[in-house]
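Data file: final.pdb. Format and content: PDB, C-alpha atoms and all ligand atoms.
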ATOM      1  CA  MET S  10      27.969  28.736 -38.358
ATOM      2  CA  GLN S  11      29.059  29.970 -41.779
ATOM      3  CA  ILE S  12      31.171  33.116 -41.960
ATOM      4  CA  LYS S  13      29.838  35.729 -44.343
ATOM      5  CA  PRO S  14      31.932  36.089 -47.486
ATOM      6  CA  LEU S  15      34.120  39.193 -47.436
ATOM      7  CA  THR S  16      32.238  40.639 -50.410
ATOM      8  CA  THR S  17      29.005  40.550 -48.438
ATOM      9  CA  ILE S  18      30.656  42.339 -45.566
ATOM     10  CA  ILE S  19      32.117  44.971 -47.894
ATOM     11  CA  ALA S  20      28.784  45.435 -49.665
ATOM     12  CA  ALA S  21      26.982  45.720 -46.345
ATOM     13  CA  THR S  22      29.556  48.181 -45.053
ATOM     14  CA  SER S  23      29.407  50.361 -48.152
ATOM     15  CA  SER S  24      25.641  50.603 -48.062
ATOM     16  CA  PHE S  25      25.788  51.314 -44.372
ATOM     17  CA  LEU S  26      28.303  54.120 -44.952
ATOM     18  CA  ILE S  27      26.316  55.545 -47.867
ATOM     19  CA  ALA S  28      23.142  55.400 -45.786
ATOM     20  CA  MET S  29      24.978  57.190 -43.020
ATOM     21  CA  LEU S  30      26.383  59.874 -45.309
ATOM     22  CA  LEU S  31      23.391  60.472 -47.569
ATOM     23  CA  PRO S  32      21.024  62.336 -45.249
ATOM     24  CA  ASP S  33      23.698  64.910 -44.425
ATOM     25  CA  ILE S  34      24.720  65.347 -48.046
ATOM     26  CA  ILE S  35      21.083  65.774 -49.090
ATOM     27  CA  TRP S  36      20.578  68.221 -46.260
ATOM     28  CA  ALA S  37      23.643  70.215 -47.271
ATOM     29  CA  LYS S  38      22.469  70.252 -50.927
ATOM     30  CA  GLN S  39      18.985  71.403 -49.968
ATOM     31  CA  GLN S  40      20.448  74.190 -47.890
ATOM     32  CA  ALA S  41      22.548  75.277 -50.850
ATOM     33  CA  THR S  42      19.605  75.123 -53.303
ATOM     34  CA  THR S  43      17.272  77.009 -50.985
ATOM     35  CA  THR S  44      19.824  79.756 -50.455
ATOM     36  CA  GLY S  45      20.527  79.828 -54.205
ATOM     37  CA  SER S  46      16.891  80.317 -55.219
ATOM     38  CA  THR S  47      16.372  82.925 -52.525
ATOM     39  CA  ALA S  48      19.335  84.776 -53.917
ATOM     40  CA  ILE S  49      17.736  84.874 -57.392
ATOM     41  CA  THR S  50      14.295  86.028 -56.283
ATOM     42  CA  THR S  51      15.527  88.574 -53.793
ATOM     43  CA  ASN S  52      16.308  92.112 -54.791
ATOM     44  CA  THR S  53      19.581  92.303 -56.747
ATOM     45  CA  ASN S  54      20.749  95.070 -54.423
ATOM     46  CA  ASN S  55      21.352  92.407 -51.891
ATOM     47  CA  GLN S  56      23.622  90.438 -54.209
ATOM     48  CA  ILE S  57      26.783  91.076 -52.220
ATOM     49  CA  ALA S  58      25.133  89.992 -49.034
ATOM     50  CA  ASN S  59      23.793  86.869 -50.771
ATOM     51  CA  ASN S  60      27.196  86.002 -52.179
ATOM     52  CA  LYS S  61      28.447  86.122 -48.661
ATOM     53  CA  ASP S  62      25.574  83.846 -47.664
ATOM     54  CA  ASN S  63      26.496  81.422 -50.446
ATOM     55  CA  GLN S  64      30.092  81.413 -49.349
ATOM     56  CA  PHE S  65      28.882  80.651 -45.886
ATOM     57  CA  GLU S  66      26.793  77.765 -47.239
ATOM     58  CA  VAL S  67      29.769  76.369 -49.163
ATOM     59  CA  ILE S  68      31.823  76.444 -45.988
ATOM     60  CA  LYS S  69      28.952  74.768 -44.165
ATOM     61  CA  ILE S  70      28.735  72.006 -46.795
ATOM     62  CA  SER S  71      32.461  71.381 -46.732
ATOM     63  CA  SER S  72      32.491  71.185 -42.972
ATOM     64  CA  VAL S  73      29.602  68.707 -43.058
ATOM     65  CA  LEU S  74      31.444  66.639 -45.651
ATOM     66  CA  ALA S  75      34.736  66.827 -43.760
ATOM     67  CA  LYS S  76      33.001  65.713 -40.607
ATOM     68  CA  ASN S  77      31.414  62.809 -42.438
ATOM     69  CA  ILE S  78      34.661  61.763 -44.087
ATOM     70  CA  ASN S  79      36.279  61.709 -40.657
ATOM     71  CA  THR S  80      33.461  59.609 -39.256
ATOM     72  CA  THR S  81      33.655  57.289 -42.258
ATOM     73  CA  GLN S  82      37.393  56.826 -41.853
ATOM     74  CA  GLN S  83      36.881  56.179 -38.161
ATOM     75  CA  LYS S  84      34.173  53.603 -38.893
ATOM     76  CA  LEU S  85      36.352  51.853 -41.479
ATOM     77  CA  LYS S  86      39.233  51.702 -39.015
ATOM     78  CA  GLU S  87      36.980  50.177 -36.373
ATOM     79  CA  LEU S  88      35.654  47.672 -38.889
ATOM     80  CA  GLU S  89      39.173  46.748 -39.981
ATOM     81  CA  LEU S  90      40.161  46.114 -36.357
ATOM     82  CA  LYS S  91      36.997  44.112 -35.772
ATOM     83  CA  THR S  92      37.543  41.854 -38.762
ATOM     84  CA  PHE S  93      41.305  41.584 -38.229
ATOM     85  CA  ASP S  94      41.152  40.114 -34.755
ATOM     86  CA  LEU S  95      39.298  37.006 -35.855
ATOM     87  CA  SER S  96      40.305  36.665 -39.459
ATOM     88  CA  VAL S  97      42.845  34.092 -40.463
ATOM     89  CA  PRO S  98      44.964  34.477 -43.621
ATOM     90  CA  LYS S  99      43.686  32.335 -46.465
ATOM     91  CA  ARG S 100      46.621  29.930 -46.516
ATOM     92  CA  PHE S 101      45.836  28.850 -42.940
ATOM     93  CA  GLN S 102      42.095  28.418 -43.405
ATOM     94  CA  GLY S 103      41.093  24.776 -43.152
ATOM     95  CA  LYS S 104      44.624  23.888 -42.023
ATOM     96  CA  THR S 105      46.259  22.688 -38.807
ATOM     97  CA  VAL S 106      48.848  24.977 -37.231
ATOM     98  CA  GLN S 107      51.314  23.965 -34.569
ATOM     99  CA  ASN S 108      54.937  24.903 -35.136
ATOM    100  CA  ILE S 109      55.051  28.389 -36.541
ATOM    101  CA  THR S 110      58.636  29.518 -37.010
ATOM    102  CA  LEU S 111      59.395  33.158 -37.655
ATOM    103  CA  LYS S 112      62.465  34.919 -38.982
ATOM    104  CA  ASN S 113      61.193  38.282 -37.858
ATOM    105  CA  LYS S 114      63.642  40.133 -35.620
ATOM    106  CA  GLN S 115      60.840  41.139 -33.272
ATOM    107  CA  LYS S 116      60.115  37.981 -31.319
ATOM    108  CA  VAL S 117      56.435  37.219 -30.791
ATOM    109  CA  ILE S 118      54.599  34.589 -28.807
ATOM    110  CA  ALA S 119      50.918  33.700 -28.386
ATOM    111  CA  LEU S 120      49.428  32.827 -25.020
ATOM    112  CA  THR S 121      46.379  30.582 -25.261
ATOM    113  CA  PHE S 122      43.976  29.548 -22.506
ATOM    114  CA  ASP S 123      41.715  26.496 -22.687
ATOM    115  CA  ASP S 124      38.632  24.999 -21.036
ATOM    116  CA  GLY S 125      37.040  28.174 -19.673
ATOM    117  CA  PRO S 126      35.311  30.462 -18.981
ATOM    118  CA  TRP S 127      35.851  29.484 -15.366
ATOM    119  CA  ASN S 128      34.398  31.224 -12.362
ATOM    120  CA  LYS S 129      36.969  33.602 -10.790
ATOM    121  CA  THR S 130      40.052  32.136 -12.513
ATOM    122  CA  THR S 131      39.274  33.536 -15.952
ATOM    123  CA  GLU S 132      38.600  37.002 -14.585
ATOM    124  CA  LYS S 133      41.816  36.967 -12.565
ATOM    125  CA  ILE S 134      43.680  36.017 -15.718
ATOM    126  CA  LEU S 135      41.903  38.778 -17.653
ATOM    127  CA  ASP S 136      43.001  41.292 -15.000
ATOM    128  CA  ILE S 137      46.642  40.208 -15.222
ATOM    129  CA  LEU S 138      46.561  40.411 -19.023
ATOM    130  CA  LYS S 139      44.947  43.849 -18.843
ATOM    131  CA  LYS S 140      47.588  45.102 -16.410
ATOM    132  CA  HIS S 141      50.310  44.065 -18.870
ATOM    133  CA  ASN S 142      48.335  45.216 -21.894
ATOM    134  CA  ILE S 143      48.506  41.776 -23.454
ATOM    135  CA  LYS S 144      45.987  40.178 -25.802
ATOM    136  CA  ALA S 145      45.586  36.410 -25.696
ATOM    137  CA  THR S 146      43.431  33.710 -27.289
ATOM    138  CA  PHE S 147      40.823  31.805 -25.275
ATOM    139  CA  PHE S 148      39.539  28.440 -26.498
ATOM    140  CA  VAL S 149      36.230  28.108 -24.699
ATOM    141  CA  LEU S 150      33.918  25.188 -24.051
ATOM    142  CA  GLY S 151      30.265  25.633 -24.997
ATOM    143  CA  GLN S 152      28.963  24.162 -21.732
ATOM    144  CA  ARG S 153      31.229  26.502 -19.705
ATOM    145  CA  LEU S 154      30.319  29.540 -21.768
ATOM    146  CA  ASN S 155      26.655  28.698 -21.307
ATOM    147  CA  LYS S 156      27.176  28.986 -17.525
ATOM    148  CA  GLN S 157      29.522  31.992 -17.584
ATOM    149  CA  LYS S 158      28.072  34.162 -20.319
ATOM    150  CA  GLU S 159      29.217  37.432 -18.749
ATOM    151  CA  ILE S 160      32.813  36.265 -18.477
ATOM    152  CA  GLY S 161      32.677  35.069 -22.067
ATOM    153  CA  LYS S 162      31.501  38.487 -23.126
ATOM    154  CA  LYS S 163      34.238  40.129 -21.079
ATOM    155  CA  ILE S 164      36.946  38.079 -22.825
ATOM    156  CA  VAL S 165      35.951  39.610 -26.150
ATOM    157  CA  GLU S 166      35.190  43.082 -24.778
ATOM    158  CA  GLU S 167      38.703  43.265 -23.373
ATOM    159  CA  GLY S 168      40.141  42.665 -26.818
ATOM    160  CA  HIS S 169      41.032  38.993 -26.640
ATOM    161  CA  VAL S 170      40.309  36.449 -29.329
ATOM    162  CA  ILE S 171      37.878  33.637 -28.726
ATOM    163  CA  GLY S 172      38.146  30.159 -30.234
ATOM    164  CA  ASN S 173      36.027  26.998 -30.253
ATOM    165  CA  HIS S 174      37.079  24.076 -28.026
ATOM    166  CA  THR S 175      33.859  21.984 -28.434
ATOM    167  CA  TRP S 176      30.879  21.820 -26.091
ATOM    168  CA  ASN S 177      31.727  18.870 -23.801
ATOM    169  CA  HIS S 178      35.480  18.428 -24.285
ATOM    170  CA  PRO S 179      35.458  14.911 -25.752
ATOM    171  CA  ALA S 180      39.197  14.135 -25.526
ATOM    172  CA  GLN S 181      39.220  10.779 -27.259
ATOM    173  CA  LYS S 182      41.302   9.039 -29.868
ATOM    174  CA  ASN S 183      38.526   6.963 -31.436
ATOM    175  CA  LYS S 184      36.342   8.194 -34.251
ATOM    176  CA  MET S 185      33.239   9.977 -33.037
ATOM    177  CA  ASN S 186      29.700   9.878 -34.355
ATOM    178  CA  GLN S 187      29.217  12.495 -37.079
ATOM    179  CA  ASP S 188      26.123  14.088 -35.491
ATOM    180  CA  ARG S 189      27.987  14.441 -32.229
ATOM    181  CA  ILE S 190      30.982  16.006 -34.004
ATOM    182  CA  GLU S 191      28.778  18.534 -35.758
ATOM    183  CA  SER S 192      26.895  19.500 -32.616
ATOM    184  CA  GLU S 193      30.058  19.733 -30.446
ATOM    185  CA  ILE S 194      31.523  22.312 -32.825
ATOM    186  CA  GLY S 195      28.341  23.798 -34.289
ATOM    187  CA  GLN S 196      26.522  24.470 -31.000
ATOM    188  CA  THR S 197      29.609  26.010 -29.436
ATOM    189  CA  GLY S 198      30.180  28.234 -32.451
ATOM    190  CA  LYS S 199      26.558  29.354 -32.340
ATOM    191  CA  LEU S 200      26.716  30.196 -28.652
ATOM    192  CA  ILE S 201      29.982  32.111 -29.074
ATOM    193  CA  TYR S 202      28.259  34.180 -31.754
ATOM    194  CA  GLN S 203      25.132  34.742 -29.662
ATOM    195  CA  ILE S 204      27.098  35.906 -26.654
ATOM    196  CA  THR S 205      30.009  37.797 -28.172
ATOM    197  CA  GLY S 206      28.805  38.686 -31.664
ATOM    198  CA  LYS S 207      31.946  37.041 -33.044
ATOM    199  CA  THR S 208      32.115  34.208 -35.534
ATOM    200  CA  THR S 209      35.240  32.321 -34.621
ATOM    201  CA  LYS S 210      37.177  30.396 -37.255
ATOM    202  CA  LEU S 211      39.638  28.969 -34.750
ATOM    203  CA  PHE S 212      39.231  25.460 -33.400
ATOM    204  CA  ARG S 213      41.306  23.598 -30.852
ATOM    205  CA  PRO S 214      40.623  19.868 -30.523
ATOM    206  CA  PRO S 215      40.369  18.643 -26.905
ATOM    207  CA  GLY S 216      43.549  16.840 -25.884
ATOM    208  CA  GLY S 217      45.050  17.749 -29.247
ATOM    209  CA  PHE S 218      43.537  14.598 -30.786
ATOM    210  CA  LEU S 219      43.381  14.922 -34.538
ATOM    211  CA  GLU S 220      41.987  11.514 -35.534
ATOM    212  CA  ASN S 221      38.534  11.427 -33.927
ATOM    213  CA  GLY S 222      36.829  13.449 -36.654
ATOM    214  CA  LEU S 223      36.510  16.790 -34.857
ATOM    215  CA  ALA S 224      39.552  18.356 -36.538
ATOM    216  CA  ASP S 225      38.470  17.013 -39.947
ATOM    217  CA  TYR S 226      35.042  18.567 -39.567
ATOM    218  CA  ALA S 227      36.557  21.868 -38.413
ATOM    219  CA  LYS S 228      38.778  21.881 -41.500
ATOM    220  CA  GLU S 229      35.777  21.153 -43.719
ATOM    221  CA  ARG S 230      34.254  24.331 -42.280
ATOM    222  CA  LYS S 231      37.490  26.129 -43.230
ATOM    223  CA  ASP S 232      38.286  26.629 -39.563
ATOM    224  CA  THR S 233      41.931  26.687 -38.550
ATOM    225  CA  VAL S 234      42.879  23.871 -36.197
ATOM    226  CA  VAL S 235      45.211  25.365 -33.604
ATOM    227  CA  LEU S 236      47.556  23.137 -31.621
ATOM    228  CA  TRP S 237      50.477  24.399 -29.511
ATOM    229  CA  SER S 238      54.261  24.367 -29.484
ATOM    230  CA  THR S 239      54.762  24.824 -25.734
ATOM    231  CA  ASP S 240      52.735  22.818 -23.254
ATOM    232  CA  SER S 241      52.954  24.378 -19.804
ATOM    233  CA  LYS S 242      51.669  21.051 -18.404
ATOM    234  CA  ASP S 243      49.592  23.152 -16.005
ATOM    235  CA  TRP S 244      46.867  20.481 -16.149
ATOM    236  CA  TYR S 245      49.314  17.991 -14.641
ATOM    237  CA  ASP S 246      51.811  19.998 -12.643
ATOM    238  CA  LYS S 247      50.248  22.153  -9.925
ATOM    239  CA  SER S 248      53.377  24.113  -9.082
ATOM    240  CA  ALA S 249      53.482  27.709 -10.335
ATOM    241  CA  GLN S 250      57.305  27.613 -10.372
ATOM    242  CA  GLU S 251      57.406  24.453 -12.477
ATOM    243  CA  ILE S 252      54.985  25.653 -15.112
ATOM    244  CA  THR S 253      56.764  29.021 -15.312
ATOM    245  CA  LYS S 254      60.077  27.228 -15.829
ATOM    246  CA  LYS S 255      58.568  24.995 -18.494
ATOM    247  CA  VAL S 256      57.116  27.875 -20.508
ATOM    248  CA  LEU S 257      60.219  30.071 -20.254
ATOM    249  CA  SER S 258      62.648  27.300 -21.216
ATOM    250  CA  LYS S 259      60.533  26.167 -24.182
ATOM    251  CA  SER S 260      59.577  29.552 -25.618
ATOM    252  CA  ARG S 261      60.569  30.484 -29.125
ATOM    253  CA  ASN S 262      59.761  33.013 -31.813
ATOM    254  CA  GLY S 263      56.295  32.208 -33.185
ATOM    255  CA  GLY S 264      55.490  29.914 -30.270
ATOM    256  CA  ILE S 265      51.983  28.994 -29.147
ATOM    257  CA  VAL S 266      51.790  28.468 -25.381
ATOM    258  CA  LEU S 267      49.125  26.167 -23.948
ATOM    259  CA  LEU S 268      47.708  27.249 -20.596
ATOM    260  CA  HIS S 269      44.379  26.553 -18.867
ATOM    261  CA  ASP S 270      41.982  29.013 -17.274
ATOM    262  CA  GLY S 271      39.388  26.276 -16.755
ATOM    263  CA  GLY S 272      38.852  22.532 -16.389
ATOM    264  CA  GLY S 273      39.549  22.505 -12.658
ATOM    265  CA  PRO S 274      41.157  24.709 -10.030
ATOM    266  CA  ARG S 275      43.804  26.808 -11.780
ATOM    267  CA  ASP S 276      45.125  28.981  -8.970
ATOM    268  CA  HIS S 277      48.661  27.898  -9.852
ATOM    269  CA  VAL S 278      48.136  29.273 -13.362
ATOM    270  CA  VAL S 279      46.961  32.610 -11.963
ATOM    271  CA  GLU S 280      50.022  32.603  -9.682
ATOM    272  CA  ALA S 281      52.430  31.701 -12.488
ATOM    273  CA  LEU S 282      51.080  34.058 -15.156
ATOM    274  CA  PRO S 283      52.781  37.311 -14.011
ATOM    275  CA  ASN S 284      56.132  35.479 -13.824
ATOM    276  CA  ILE S 285      55.596  33.891 -17.232
ATOM    277  CA  ILE S 286      54.784  37.304 -18.713
ATOM    278  CA  ASN S 287      57.724  39.066 -17.066
ATOM    279  CA  GLY S 288      60.108  36.257 -18.014
ATOM    280  CA  LEU S 289      59.005  36.384 -21.641
ATOM    281  CA  LYS S 290      59.254  40.180 -21.664
ATOM    282  CA  GLN S 291      62.850  39.835 -20.439
ATOM    283  CA  GLN S 292      63.472  37.582 -23.416
ATOM    284  CA  ASP S 293      62.152  40.452 -25.607
ATOM    285  CA  TYR S 294      58.902  38.800 -26.602
ATOM    286  CA  GLU S 295      55.845  40.665 -27.745
ATOM    287  CA  PHE S 296      52.483  39.029 -27.177
ATOM    288  CA  VAL S 297      50.106  38.354 -30.042
ATOM    289  CA  THR S 298      46.803  36.584 -30.619
ATOM    290  CA  ILE S 299      46.603  33.532 -32.892
ATOM    291  CA  PRO S 300      45.189  35.498 -35.874
ATOM    292  CA  GLU S 301      47.957  38.083 -35.414
ATOM    293  CA  LEU S 302      50.602  35.363 -35.290
ATOM    294  CA  LEU S 303      49.240  33.768 -38.457
ATOM    295  CA  THR S 304      49.104  37.154 -40.165
ATOM    296  CA  ILE S 305      52.771  37.801 -39.336
ATOM    297  CA  LYS S 306      53.696  34.354 -40.699
ATOM    298  CA  ASP S 307      51.564  34.960 -43.775
ATOM    299  CA  ARG S 308      53.424  38.208 -44.502
ATOM    300  CA  GLU S 309      56.796  36.481 -44.108
ATOM    301  CA  LEU S 310      55.770  33.712 -46.501
ATOM    302  CA  HIS S 311      54.414  36.289 -48.931
ATOM    303  CA  GLN S 312      57.729  38.174 -48.907
ATOM    304  CA  GLU S 313      59.593  34.916 -49.523
ATOM    305  CA  GLU S 314      57.315  34.081 -52.445
ATOM    306  CA  LEU S 315      57.894  37.516 -53.947
ATOM    307  CA  ALA S 316      61.661  37.128 -53.571
ATOM    308  CA  LYS S 317      61.502  33.718 -55.304
ATOM    309  CA  GLN S 318      59.478  35.165 -58.180
ATOM    310  CA  ARG S 319      62.026  37.933 -58.645
ATOM    311  CA  LYS S 320      64.852  35.376 -58.889
ATOM    312  CA  LYS S 321      63.112  33.416 -61.674
TER     313      LYS S 321
HETATM  314 ZN    ZN D   1      40.956  21.373 -23.255
END
Can you present the structure in this file as structure tokens?
Ligand SMILES: [Zn+2]
Amino acid sequence: MQIKPLTTIIAATSSFLIAMLLPDIIWAKQQATTTGSTAITTNTNNQIANNKDNQFEVIKISSVLAKNINTTQQKLKELELKTFDLSVPKRFQGKTVQNITLKNKQKVIALTFDDGPWNKTTEKILDILKKHNIKATFFVLGQRLNKQKEIGKKIVEEGHVIGNHTWNHPAQKNKMNQDRIESEIGQTGKLIYQITGKTTKLFRPPGGFLENGLADYAKERKDTVVLWSTDSKDWYDKSAQEITKKVLSKSRNGGIVLLHDGGGPRDHVVEALPNIINGLKQQDYEFVTIPELLTIKDRELHQEELAKQRKK
């Protein structure tokens, strides 16, 4: 799945906005012209009354325009939000990210959930996140999403970011067949788009294996390969206390936390999540999605580059 170039999106948006505005502007103009010509043909004795009419029309036109400008601004804001949540800054496109370090005073951390959508577990996790007003990133499997379309839709509808984690979860070190690689990523990306309307540019390789060809193909597509800095080991350790301890002791500014909503019974993750969230809040963390995290890092790097240029 190719993402549309930004220019196409802008062009499409502009024509959409113009198309939306035009009928009202034309209507307002017609109203003004009609009133104007009536004013000329009507008895001049009525000039004062007509002037008043014209003034009224002018007010009417301005209110129509004002209303449209408001709607336009609203639409642009919505569009900006829509594109922001899945867009990755250029410097991270086609790259692998793992250890993001931030100097920002406000500490941020990204919770990520893999191997879903999973019946019941994912929705319980969504409810906890909603209660705490936290947005996370979900790396879904195509075969799971195909079975749990509604949950997949819900992930996006509730404001979370969705990423590609292949179709079948081939967690292997050895090089894979190219057709298989392309269908693992391509089919999943297509399904994500069909179900959520989102084109994801985030890819997480199963098991974190970078040598089997999946990550290389994702990078060729200019996807960002997202690893993690904190492994909760929830796939191995079934104790909610242990995984909470692991995440809290290994958290740091700019961290990416690996958790699982799918791939097996994850009741211990559901049990641990409120404690993980509260513990991180006590450490003054704010929760961000992967694109948000990368945007914050991008801004920091940009500031550093500017400072360097000034010194030269
Ligand atoms: Zn996985």
Original post:
Can you list, as a ChimeraX atom specification, the residues that the PyMOL selection byres (((chain S and resi 119) around 9) and not hetatm) selects here?
Top reply: /S:117-118,120-121,144-146,263-267,295-299,301-302
**OP:** Pull out every residue that the PyMOL selection byres (((chain S and resi 244) around 10) and not hetatm) matches in the shown coordinates and put them as JSON, numbers by chain.
**Re:** {"S": [240, 241, 242, 243, 245, 246, 247, 252, 267, 268, 269, 270, 271, 272, 273, 274, 275, 277, 278]}
Just-selected residues, C-alpha atoms written as a compact mmCIF listing (two decimals), in the coordinates of the input:
# COMPACT_ATOMS: atom_id res chain seq x y z
CA ASP S 240 52.74 22.82 -23.25
CA SER S 241 52.95 24.38 -19.80
CA LYS S 242 51.67 21.05 -18.40
CA ASP S 243 49.59 23.15 -16.00
CA TYR S 245 49.31 17.99 -14.64
CA ASP S 246 51.81 20.00 -12.64
CA LYS S 247 50.25 22.15 -9.93
CA ILE S 252 54.98 25.65 -15.11
CA LEU S 267 49.12 26.17 -23.95
CA LEU S 268 47.71 27.25 -20.60
CA HIS S 269 44.38 26.55 -18.87
CA ASP S 270 41.98 29.01 -17.27
CA GLY S 271 39.39 26.28 -16.76
CA GLY S 272 38.85 22.53 -16.39
CA GLY S 273 39.55 22.50 -12.66
CA PRO S 274 41.16 24.71 -10.03
CA ARG S 275 43.80 26.81 -11.78
CA HIS S 277 48.66 27.90 -9.85
CA VAL S 278 48.14 29.27 -13.36
Protein, DNA and RNA residues within 12 Å of (32.5, 39.7, -20.2), only C-alpha atoms, as a short mmCIF file (atom, residue, chain, number, x, y, z; two decimals) with C-alpha atoms, keeping the file's coordinate frame:
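Result saved to part_26.cif:
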data_model
loop_
_atom_site.label_atom_id
_atom_site.label_comp_id
_atom_site.auth_asym_id
_atom_site.auth_seq_id
_atom_site.Cartn_x
_atom_site.Cartn_y
_atom_site.Cartn_z
CA PRO S 126 35.31 30.46 -18.98
CA TRP S 127 35.85 29.48 -15.37
CA ASN S 128 34.40 31.22 -12.36
CA THR S 131 39.27 33.54 -15.95
CA GLU S 132 38.60 37.00 -14.58
CA LEU S 135 41.90 38.78 -17.65
CA ASP S 136 43.00 41.29 -15.00
CA LEU S 154 30.32 29.54 -21.77
CA GLN S 157 29.52 31.99 -17.58
CA LYS S 158 28.07 34.16 -20.32
CA GLU S 159 29.22 37.43 -18.75
CA ILE S 160 32.81 36.26 -18.48
CA GLY S 161 32.68 35.07 -22.07
CA LYS S 162 31.50 38.49 -23.13
CA LYS S 163 34.24 40.13 -21.08
CA ILE S 164 36.95 38.08 -22.82
CA VAL S 165 35.95 39.61 -26.15
CA GLU S 166 35.19 43.08 -24.78
CA GLU S 167 38.70 43.26 -23.37
CA GLY S 168 40.14 42.66 -26.82
CA HIS S 169 41.03 38.99 -26.64
CA ILE S 171 37.88 33.64 -28.73
CA ILE S 201 29.98 32.11 -29.07
CA ILE S 204 27.10 35.91 -26.65
CA THR S 205 30.01 37.80 -28.17
#
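Using all atoms listed in the file, the shortest contact distance between ligand ZN 1 (chain D) and any of S:Gly151, S:Gly195, S:Gly172, S:Gly216 is found at S:Gly216.
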**OP:** Give the answer as one residue: which of S:Pro98, S:Lys104, S:Val235, S:Glu229 has the shortest atom-to-atom distance to ligand ZN 1 (chain D), using all atoms listed in the file?
**Re:** S:Val235
Subject >> Site check for ligand ZN 1 (chain D): residues at most 8 Å away, all atoms listed in the file, as JSON, numbers by chain >> reply: {"S": [123, 124, 148, 174, 178, 180, 213, 214, 215, 216, 269, 272]}
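Our summary of the geometry notes that CA of Leu289 in chain S is positioned 26.3 Å from CA of Asn173 in chain S.
Coordinates place CA of Phe212 in chain S at a distance of 11.9 Å from CA of Pro300 in chain S.
When all atoms listed in the file are used to measure the gap to Val256 in chain S, the shortest distance among S:Tyr202, S:Thr304, S:Ile286, S:Val279 belongs to S:Ile286.
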Subject >> Atom-to-atom span, CA of Lys317 in chain S and CA of Lys112 in chain S, Å >> reply: 16.4 Å
**OP:** Between S:Tyr226, S:Trp237, S:Phe122, S:Phe218, single out the one closest to Arg189 in chain S, counting all atoms listed in the file.
**Re:** S:Tyr226
**OP:** Could you expand the PyMOL selection byres (((chain S and resi 282) around 9) and not hetatm) into the explicit residues it covers here, written as a list in words?
**Re:** Ile134, Ile137, Leu138, Ala249, Thr253, His277, Val278, Val279, Glu280, Ala281, Pro283, Asn284, Ile285, Ile286 and Asn287 of chain S
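Among the candidates S:Gly288, S:Lys156, S:Ala224, S:Gln203, the one nearest to Lys184 in chain S when counting only C-alpha atoms is S:Ala224.
Considering all atoms listed in the file, the residue among S:Lys99, S:Gln292, S:Glu193, S:Thr81 positioned nearest to Arg308 in chain S is S:Lys99.
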With 4 Å added on each side, what axis-aligned box encloses every listed atom of range 271-279 of chain S? Give the centre and edge lengths in Å to one decimal, as lines of an AutoDock Vina configuration file.
center_x = 43.8
center_y = 27.6
center_z = -12.9
size_x = 17.8
size_y = 18.1
size_z = 15.8
